[in-house]
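**Q** Okay, so here is model_38.cif, and as you'll see once you scroll down, it has mmCIF, C-alpha atoms.
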```
data_data
#
loop_
_atom_site.label_atom_id
_atom_site.label_comp_id
_atom_site.auth_asym_id
_atom_site.auth_seq_id
_atom_site.Cartn_x
_atom_site.Cartn_y
_atom_site.Cartn_z
CA ASP A 1 -51.10 49.45 5.18
CA HIS A 2 -51.17 47.26 8.32
CA VAL A 3 -52.06 50.35 10.41
CA ASP A 4 -54.91 51.19 8.00
CA LYS A 5 -56.29 47.64 8.23
CA THR A 6 -55.99 47.63 12.01
CA ALA A 7 -57.83 50.95 12.19
CA ALA A 8 -60.58 49.64 9.91
CA VAL A 9 -60.96 46.48 11.98
CA SER A 10 -60.98 48.49 15.21
CA GLU A 11 -63.66 50.79 13.78
CA ALA A 12 -65.75 47.82 12.65
CA LEU A 13 -65.58 46.24 16.09
CA GLN A 14 -67.05 49.46 17.47
CA ALA A 15 -69.86 49.30 14.87
CA ASP A 16 -72.67 46.80 14.68
CA ALA A 17 -72.16 43.06 14.59
CA GLN A 18 -72.80 42.70 10.84
CA ASP A 19 -70.20 45.31 9.91
CA ALA A 20 -67.73 43.74 12.31
CA ALA A 21 -68.37 40.28 10.88
CA ARG A 22 -67.66 41.53 7.35
CA VAL A 23 -64.44 43.34 8.28
CA VAL A 24 -63.15 40.53 10.49
CA LYS A 25 -63.93 37.99 7.76
CA GLU A 26 -61.93 40.08 5.27
CA HIS A 27 -59.10 40.34 7.80
CA CYS A 28 -59.11 36.54 8.26
CA GLU A 29 -59.23 35.92 4.50
CA ALA A 30 -56.15 38.14 4.13
CA ALA A 31 -54.40 36.18 6.91
CA VAL A 32 -55.24 32.87 5.18
CA GLY A 33 -53.91 34.30 1.92
CA ALA A 34 -50.68 35.43 3.58
CA ALA A 35 -50.20 32.01 5.20
CA ALA A 36 -50.88 30.28 1.88
CA GLY A 37 -48.35 32.61 0.23
CA ARG A 38 -45.66 31.68 2.78
CA LEU A 39 -46.33 27.99 2.22
CA SER A 40 -46.26 28.40 -1.56
CA ARG A 41 -42.95 30.30 -1.36
CA ILE A 42 -41.39 27.43 0.58
CA TRP A 43 -42.61 24.85 -1.93
CA SER A 44 -41.17 27.05 -4.70
CA GLU A 45 -37.82 27.07 -2.91
CA LEU A 46 -37.94 23.28 -2.62
CA GLN A 47 -38.83 22.71 -6.28
CA PRO A 48 -35.27 23.27 -7.65
CA GLU A 49 -34.03 20.56 -5.29
CA VAL A 50 -36.03 17.99 -7.30
CA ALA A 51 -33.76 18.56 -10.31
CA LYS A 52 -30.65 17.70 -8.35
CA ALA A 53 -29.35 14.22 -9.11
CA GLU A 54 -28.42 13.49 -5.50
CA LEU A 55 -31.95 14.08 -4.20
CA HIS A 56 -33.52 10.79 -3.15
CA PRO A 57 -36.65 9.88 -5.18
CA SER A 58 -38.83 9.70 -2.05
CA LEU A 59 -37.98 13.32 -1.27
CA ALA A 60 -38.54 14.37 -4.87
CA ASP A 61 -41.95 12.66 -4.90
CA ALA A 62 -42.98 14.39 -1.66
CA ILE A 63 -41.90 17.79 -3.00
CA GLN A 64 -43.74 17.23 -6.29
CA ALA A 65 -46.88 16.23 -4.34
CA ARG A 66 -46.45 19.20 -1.96
CA SER A 67 -46.98 16.82 0.94
CA VAL A 68 -45.35 18.03 4.15
CA PHE A 69 -46.10 14.76 5.91
CA SER A 70 -44.50 12.70 3.11
CA LEU A 71 -41.51 15.04 2.95
CA ILE A 72 -40.78 14.80 6.67
CA ASP A 73 -41.49 11.06 6.68
CA ALA A 74 -39.07 10.51 3.78
CA ALA A 75 -36.37 12.67 5.41
CA LEU A 76 -36.68 10.77 8.70
CA GLU A 77 -36.63 7.41 6.95
CA LEU A 78 -33.50 8.37 5.01
CA LYS A 79 -31.83 9.54 8.21
CA ARG A 80 -32.80 6.27 9.91
CA ILE A 81 -31.08 4.19 7.21
CA GLY A 82 -28.02 6.45 7.26
CA THR A 83 -28.60 8.40 4.04
CA GLN A 84 -27.69 12.08 4.31
CA VAL A 85 -30.42 14.64 3.52
CA GLU A 86 -29.13 18.04 2.43
CA ARG A 87 -29.40 20.67 5.18
CA ARG A 88 -31.32 23.04 2.93
CA VAL A 89 -33.97 20.38 2.28
CA GLN A 90 -34.20 19.63 6.01
CA HIS A 91 -34.57 23.31 6.82
CA LEU A 92 -37.20 23.91 4.15
CA ALA A 93 -39.11 20.78 5.21
CA PHE A 94 -39.29 22.19 8.74
CA GLU A 95 -40.37 25.59 7.42
CA ALA A 96 -43.03 23.92 5.24
CA SER A 97 -44.35 22.06 8.28
CA VAL A 98 -44.65 25.25 10.32
CA ALA A 99 -46.15 27.18 7.40
CA GLU A 100 -48.70 24.47 6.65
CA GLU A 101 -49.79 24.36 10.29
CA ALA A 102 -50.16 28.16 10.34
CA TRP A 103 -52.22 28.00 7.12
CA LEU A 104 -54.49 25.27 8.54
CA VAL A 105 -54.99 27.18 11.79
CA ARG A 106 -55.77 30.39 9.88
CA LYS A 107 -58.29 28.50 7.73
CA SER A 108 -59.89 27.13 10.90
CA ILE A 109 -60.13 30.62 12.41
CA LEU A 110 -61.73 31.90 9.20
CA ASP A 111 -64.23 29.04 9.25
CA ALA A 112 -65.10 29.83 12.89
CA VAL A 113 -65.49 33.54 12.06
CA VAL A 114 -67.81 32.75 9.14
CA ARG A 115 -69.90 30.57 11.49
CA ALA A 116 -69.69 33.27 14.22
CA ASP A 117 -68.61 30.55 16.66
CA SER A 118 -66.85 32.33 19.52
CA ASN A 119 -65.79 29.05 21.16
CA ASP A 120 -64.01 27.84 18.02
CA ILE A 121 -62.50 31.27 17.40
CA GLU A 122 -61.02 31.19 20.91
CA LEU A 123 -59.81 27.60 20.47
CA TRP A 124 -58.00 28.30 17.20
CA THR A 125 -56.63 31.68 18.28
CA GLU A 126 -54.98 29.97 21.25
CA GLN A 127 -53.25 27.65 18.77
CA ALA A 128 -52.20 30.61 16.62
CA LYS A 129 -50.95 32.58 19.65
CA SER A 130 -48.80 29.65 20.73
CA ALA A 131 -47.16 29.83 17.29
CA GLY A 132 -46.49 33.55 17.75
CA GLU A 133 -49.32 34.86 15.57
CA ASP A 134 -51.07 38.15 16.32
CA VAL A 135 -54.75 37.27 16.70
CA SER A 136 -55.91 40.29 18.71
CA VAL A 137 -58.57 41.15 16.11
CA GLU A 138 -60.01 37.66 16.20
CA VAL A 139 -59.98 37.52 20.01
CA ALA A 140 -61.77 40.88 20.18
CA TYR A 141 -64.35 39.63 17.68
CA ALA A 142 -64.99 36.49 19.75
CA ALA A 143 -65.53 38.70 22.81
CA MET A 144 -67.91 40.86 20.77
CA LEU A 145 -69.85 37.77 19.70
CA ARG A 146 -70.21 36.71 23.32
CA TRP A 147 -71.26 40.21 24.31
CA THR A 148 -73.93 40.44 21.59
CA ALA A 149 -75.18 36.91 22.30
CA ASN A 150 -75.79 38.08 25.85
CA GLY A 151 -77.85 41.06 24.64
CA GLY A 152 -75.06 43.53 25.25
CA ILE A 153 -75.09 42.80 28.96
CA PRO A 154 -71.72 42.00 30.51
CA PRO A 155 -71.59 38.51 31.96
CA GLN A 156 -72.12 38.23 35.69
CA LYS A 157 -69.04 37.49 37.73
CA LYS A 158 -69.11 34.17 39.52
CA SER A 159 -69.16 34.49 43.26
CA SER A 160 -66.11 32.21 43.42
CA GLU A 161 -64.04 35.07 42.03
CA PHE A 162 -64.51 37.05 45.21
CA PRO A 163 -63.02 36.19 48.58
CA ASN A 164 -65.30 33.94 50.55
CA ASP A 165 -66.47 34.62 54.07
CA SER A 166 -64.12 32.06 55.59
CA GLY A 167 -61.05 34.06 54.64
CA GLN A 168 -59.70 31.10 52.66
CA PRO A 169 -58.37 31.67 49.13
CA CYS A 170 -61.08 31.14 46.56
CA ASP A 171 -60.87 28.53 43.81
CA ARG A 172 -60.20 30.27 40.50
CA SER A 173 -60.26 27.09 38.41
CA SER A 174 -63.86 27.75 37.36
CA ARG A 175 -63.53 31.41 36.35
CA ASP A 176 -65.44 32.66 33.35
CA PHE A 177 -63.83 34.16 30.28
CA ASP A 178 -62.88 37.79 30.95
CA TYR A 179 -64.84 39.75 28.34
CA PHE A 180 -63.16 43.01 29.15
CA HIS A 181 -59.62 41.60 28.88
CA PRO A 182 -59.88 38.56 26.56
CA GLU A 183 -56.12 38.34 26.14
CA VAL A 184 -55.81 37.48 29.85
CA GLY A 185 -58.08 34.46 29.70
CA GLY A 186 -60.21 33.02 32.43
#
```
For the structure just supplied, provide its representation as structure tokens.

**A**
Amino acid sequence: DHVDKTAAVSEALQADAQDAARVVKEHCEAAVGAAAGRLSRIWSELQPEVAKAELHPSLADAIQARSVFSLIDAALELKRIGTQVERRVQHLAFEASVAEEAWLVRKSILDAVVRADSNDIELWTEQAKSAGEDVSVEVAYAAMLRWTANGGIPPQKKSSEFPNDSGQPCDRSSRDFDYFHPEVGG
């Protein structure tokens, strides 16, 4: 199924911009749904902990409210005052934090894709990549947006990318985004 979706996305990126936008949007919606599913699963695993008598009320309230911030805050406060928090709750609180961040980043990527904002797509895909997410489709779409915004003409290389006449190393701090290899960066 993943191979079929990847093939469909790849085909769309070779098509026109409107077809690509539709397919990439669907891809991003699926990624948001998967991230939301992971987060929901973690909250479901935390829910039985509420029924346990030894669970501190502040933790129970945070779980009931599905508030990652409140859950971590309560766990840290309990640790600070010397009250033990069950390992499972600590582990699931960490997982919920990671899952919520992934969900928020995926929602931000989707929003950027809907707006066809290549800068925001690149910004949020960097965040997702640092968390280990595969965002190759989104990165390719951002490159496609840049390409089409430039009338299908590849961007001109800056002269600073080539050795200068003095034989000194050139400054690469101002390089443009590499449209042909977006995963490499600029």

**Q** Have a look at A:Ala20, A:Leu71, A:Val50, A:Leu104 and name the one nearest to A:Ala34; count all atoms listed in the file.

**A**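 Residue with the minimum atom-to-atom distance to A:Ala34: A:Leu104.
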
**Q** Suppose you want the space between atom CA of A:Val114 and atom CA of A:Ala31; what is it in Å?

**A**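 Distance between the two atoms: 14.0 Å.
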
**Q** Work out how far apart atom CA of A:Arg146 and atom CA of A:Ala112 are and give it in Å to one decimal.

**A**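 Result for atom CA of A:Arg146 versus atom CA of A:Ala112: 13.5 Å, one decimal.
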
**Q** Applying the PyMOL selection byres ((chain A and resi 33) around 12) to the file I just gave you, which residues come out? Please list them as a PyMOL selection string.

**A** chain A and resi 26-32+34-40+99+102-104+106-107+110

**Q** Step by step, work through what the PyMOL selection byres ((chain A and resi 125) around 12) selects in the shown file, and finish by giving those residues as a ChimeraX atom specification.

**A** /A:28,102,104-110,112-113,118-124,126-142,182-183,185

**Q** Go ahead and compute the interatomic distance for atom CA of A:Leu78 and atom CA of A:Glu95, in Å to one decimal.

**A**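 Taking atom CA of A:Leu78 as the start and atom CA of A:Glu95 as the end point, the length is 18.7 Å.
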
**Q** Could you give me stretch 122-133 of chain A completed to all heavy atoms, formatted as a PDB file, keeping the file's coordinate frame?

**A**
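Result written to rebuild_2.pdb:
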```pdb
ATOM      1  N   GLU A 122     -61.935  31.179  19.769  1.00  0.00           N
ATOM      2  CA  GLU A 122     -61.020  31.190  20.910  1.00  0.00           C
ATOM      3  C   GLU A 122     -60.092  29.972  20.887  1.00  0.00           C
ATOM      4  O   GLU A 122     -58.902  30.084  21.176  1.00  0.00           O
ATOM      5  CB  GLU A 122     -61.796  31.256  22.212  1.00  0.00           C
ATOM      6  CG  GLU A 122     -62.454  32.607  22.401  1.00  0.00           C
ATOM      7  CD  GLU A 122     -63.493  32.630  23.506  1.00  0.00           C
ATOM      8  OE1 GLU A 122     -63.789  31.578  24.105  1.00  0.00           O
ATOM      9  OE2 GLU A 122     -64.013  33.724  23.767  1.00  0.00           O
ATOM     10  N   LEU A 123     -60.623  28.816  20.551  1.00  0.00           N
ATOM     11  CA  LEU A 123     -59.810  27.600  20.470  1.00  0.00           C
ATOM     12  C   LEU A 123     -58.671  27.772  19.468  1.00  0.00           C
ATOM     13  O   LEU A 123     -57.502  27.543  19.784  1.00  0.00           O
ATOM     14  CB  LEU A 123     -60.676  26.405  20.076  1.00  0.00           C
ATOM     15  CG  LEU A 123     -59.902  25.136  19.753  1.00  0.00           C
ATOM     16  CD1 LEU A 123     -59.629  24.370  21.035  1.00  0.00           C
ATOM     17  CD2 LEU A 123     -60.673  24.276  18.779  1.00  0.00           C
ATOM     18  N   TRP A 124     -59.005  28.188  18.257  1.00  0.00           N
ATOM     19  CA  TRP A 124     -58.000  28.300  17.200  1.00  0.00           C
ATOM     20  C   TRP A 124     -57.067  29.483  17.395  1.00  0.00           C
ATOM     21  O   TRP A 124     -55.896  29.423  17.003  1.00  0.00           O
ATOM     22  CB  TRP A 124     -58.661  28.321  15.823  1.00  0.00           C
ATOM     23  CG  TRP A 124     -59.242  26.988  15.502  1.00  0.00           C
ATOM     24  CD1 TRP A 124     -60.563  26.659  15.431  1.00  0.00           C
ATOM     25  CD2 TRP A 124     -58.518  25.785  15.247  1.00  0.00           C
ATOM     26  NE1 TRP A 124     -60.700  25.319  15.141  1.00  0.00           N
ATOM     27  CE2 TRP A 124     -59.470  24.757  15.021  1.00  0.00           C
ATOM     28  CE3 TRP A 124     -57.164  25.460  15.194  1.00  0.00           C
ATOM     29  CZ2 TRP A 124     -59.101  23.449  14.744  1.00  0.00           C
ATOM     30  CZ3 TRP A 124     -56.791  24.161  14.918  1.00  0.00           C
ATOM     31  CH2 TRP A 124     -57.760  23.171  14.695  1.00  0.00           C
ATOM     32  N   THR A 125     -57.550  30.565  18.024  1.00  0.00           N
ATOM     33  CA  THR A 125     -56.630  31.680  18.280  1.00  0.00           C
ATOM     34  C   THR A 125     -55.607  31.313  19.337  1.00  0.00           C
ATOM     35  O   THR A 125     -54.471  31.797  19.287  1.00  0.00           O
ATOM     36  CB  THR A 125     -57.378  32.976  18.690  1.00  0.00           C
ATOM     37  OG1 THR A 125     -58.201  32.727  19.827  1.00  0.00           O
ATOM     38  CG2 THR A 125     -58.192  33.531  17.536  1.00  0.00           C
ATOM     39  N   GLU A 126     -55.969  30.445  20.275  1.00  0.00           N
ATOM     40  CA  GLU A 126     -54.980  29.970  21.250  1.00  0.00           C
ATOM     41  C   GLU A 126     -53.860  29.215  20.527  1.00  0.00           C
ATOM     42  O   GLU A 126     -52.691  29.366  20.843  1.00  0.00           O
ATOM     43  CB  GLU A 126     -55.631  29.073  22.307  1.00  0.00           C
ATOM     44  CG  GLU A 126     -56.389  29.845  23.359  1.00  0.00           C
ATOM     45  CD  GLU A 126     -55.530  30.839  24.115  1.00  0.00           C
ATOM     46  OE1 GLU A 126     -54.400  30.488  24.516  1.00  0.00           O
ATOM     47  OE2 GLU A 126     -55.991  31.985  24.302  1.00  0.00           O
ATOM     48  N   GLN A 127     -54.238  28.387  19.559  1.00  0.00           N
ATOM     49  CA  GLN A 127     -53.250  27.650  18.770  1.00  0.00           C
ATOM     50  C   GLN A 127     -52.356  28.622  18.000  1.00  0.00           C
ATOM     51  O   GLN A 127     -51.137  28.477  17.969  1.00  0.00           O
ATOM     52  CB  GLN A 127     -53.969  26.700  17.799  1.00  0.00           C
ATOM     53  CG  GLN A 127     -53.069  25.865  16.945  1.00  0.00           C
ATOM     54  CD  GLN A 127     -52.418  24.738  17.710  1.00  0.00           C
ATOM     55  OE1 GLN A 127     -52.871  24.346  18.768  1.00  0.00           O
ATOM     56  NE2 GLN A 127     -51.328  24.230  17.187  1.00  0.00           N
ATOM     57  N   ALA A 128     -52.966  29.623  17.388  1.00  0.00           N
ATOM     58  CA  ALA A 128     -52.200  30.610  16.620  1.00  0.00           C
ATOM     59  C   ALA A 128     -51.285  31.427  17.532  1.00  0.00           C
ATOM     60  O   ALA A 128     -50.131  31.690  17.178  1.00  0.00           O
ATOM     61  CB  ALA A 128     -53.152  31.532  15.856  1.00  0.00           C
ATOM     62  N   LYS A 129     -51.787  31.816  18.709  1.00  0.00           N
ATOM     63  CA  LYS A 129     -50.950  32.580  19.650  1.00  0.00           C
ATOM     64  C   LYS A 129     -49.751  31.772  20.094  1.00  0.00           C
ATOM     65  O   LYS A 129     -48.656  32.317  20.224  1.00  0.00           O
ATOM     66  CB  LYS A 129     -51.768  33.002  20.881  1.00  0.00           C
ATOM     67  CG  LYS A 129     -52.589  34.243  20.665  1.00  0.00           C
ATOM     68  CD  LYS A 129     -53.070  34.849  21.963  1.00  0.00           C
ATOM     69  CE  LYS A 129     -54.211  34.069  22.544  1.00  0.00           C
ATOM     70  NZ  LYS A 129     -54.849  34.730  23.701  1.00  0.00           N
ATOM     71  N   SER A 130     -49.931  30.472  20.296  1.00  0.00           N
ATOM     72  CA  SER A 130     -48.800  29.650  20.730  1.00  0.00           C
ATOM     73  C   SER A 130     -47.730  29.555  19.649  1.00  0.00           C
ATOM     74  O   SER A 130     -46.572  29.278  19.942  1.00  0.00           O
ATOM     75  CB  SER A 130     -49.266  28.251  21.147  1.00  0.00           C
ATOM     76  OG  SER A 130     -49.673  27.500  20.033  1.00  0.00           O
ATOM     77  N   ALA A 131     -48.117  29.823  18.396  1.00  0.00           N
ATOM     78  CA  ALA A 131     -47.160  29.830  17.290  1.00  0.00           C
ATOM     79  C   ALA A 131     -46.627  31.244  17.029  1.00  0.00           C
ATOM     80  O   ALA A 131     -45.906  31.466  16.062  1.00  0.00           O
ATOM     81  CB  ALA A 131     -47.813  29.269  16.030  1.00  0.00           C
ATOM     82  N   GLY A 132     -47.012  32.197  17.884  1.00  0.00           N
ATOM     83  CA  GLY A 132     -46.490  33.550  17.750  1.00  0.00           C
ATOM     84  C   GLY A 132     -47.296  34.469  16.841  1.00  0.00           C
ATOM     85  O   GLY A 132     -46.843  35.561  16.513  1.00  0.00           O
ATOM     86  N   GLU A 133     -48.479  34.047  16.446  1.00  0.00           N
ATOM     87  CA  GLU A 133     -49.320  34.860  15.570  1.00  0.00           C
ATOM     88  C   GLU A 133     -50.042  35.953  16.355  1.00  0.00           C
ATOM     89  O   GLU A 133     -50.422  35.743  17.512  1.00  0.00           O
ATOM     90  CB  GLU A 133     -50.368  33.980  14.876  1.00  0.00           C
ATOM     91  CG  GLU A 133     -49.792  32.937  13.959  1.00  0.00           C
ATOM     92  CD  GLU A 133     -49.581  33.432  12.551  1.00  0.00           C
ATOM     93  OE1 GLU A 133     -50.260  34.398  12.139  1.00  0.00           O
ATOM     94  OE2 GLU A 133     -48.741  32.857  11.863  1.00  0.00           O
TER      95      GLU A 133
END
```
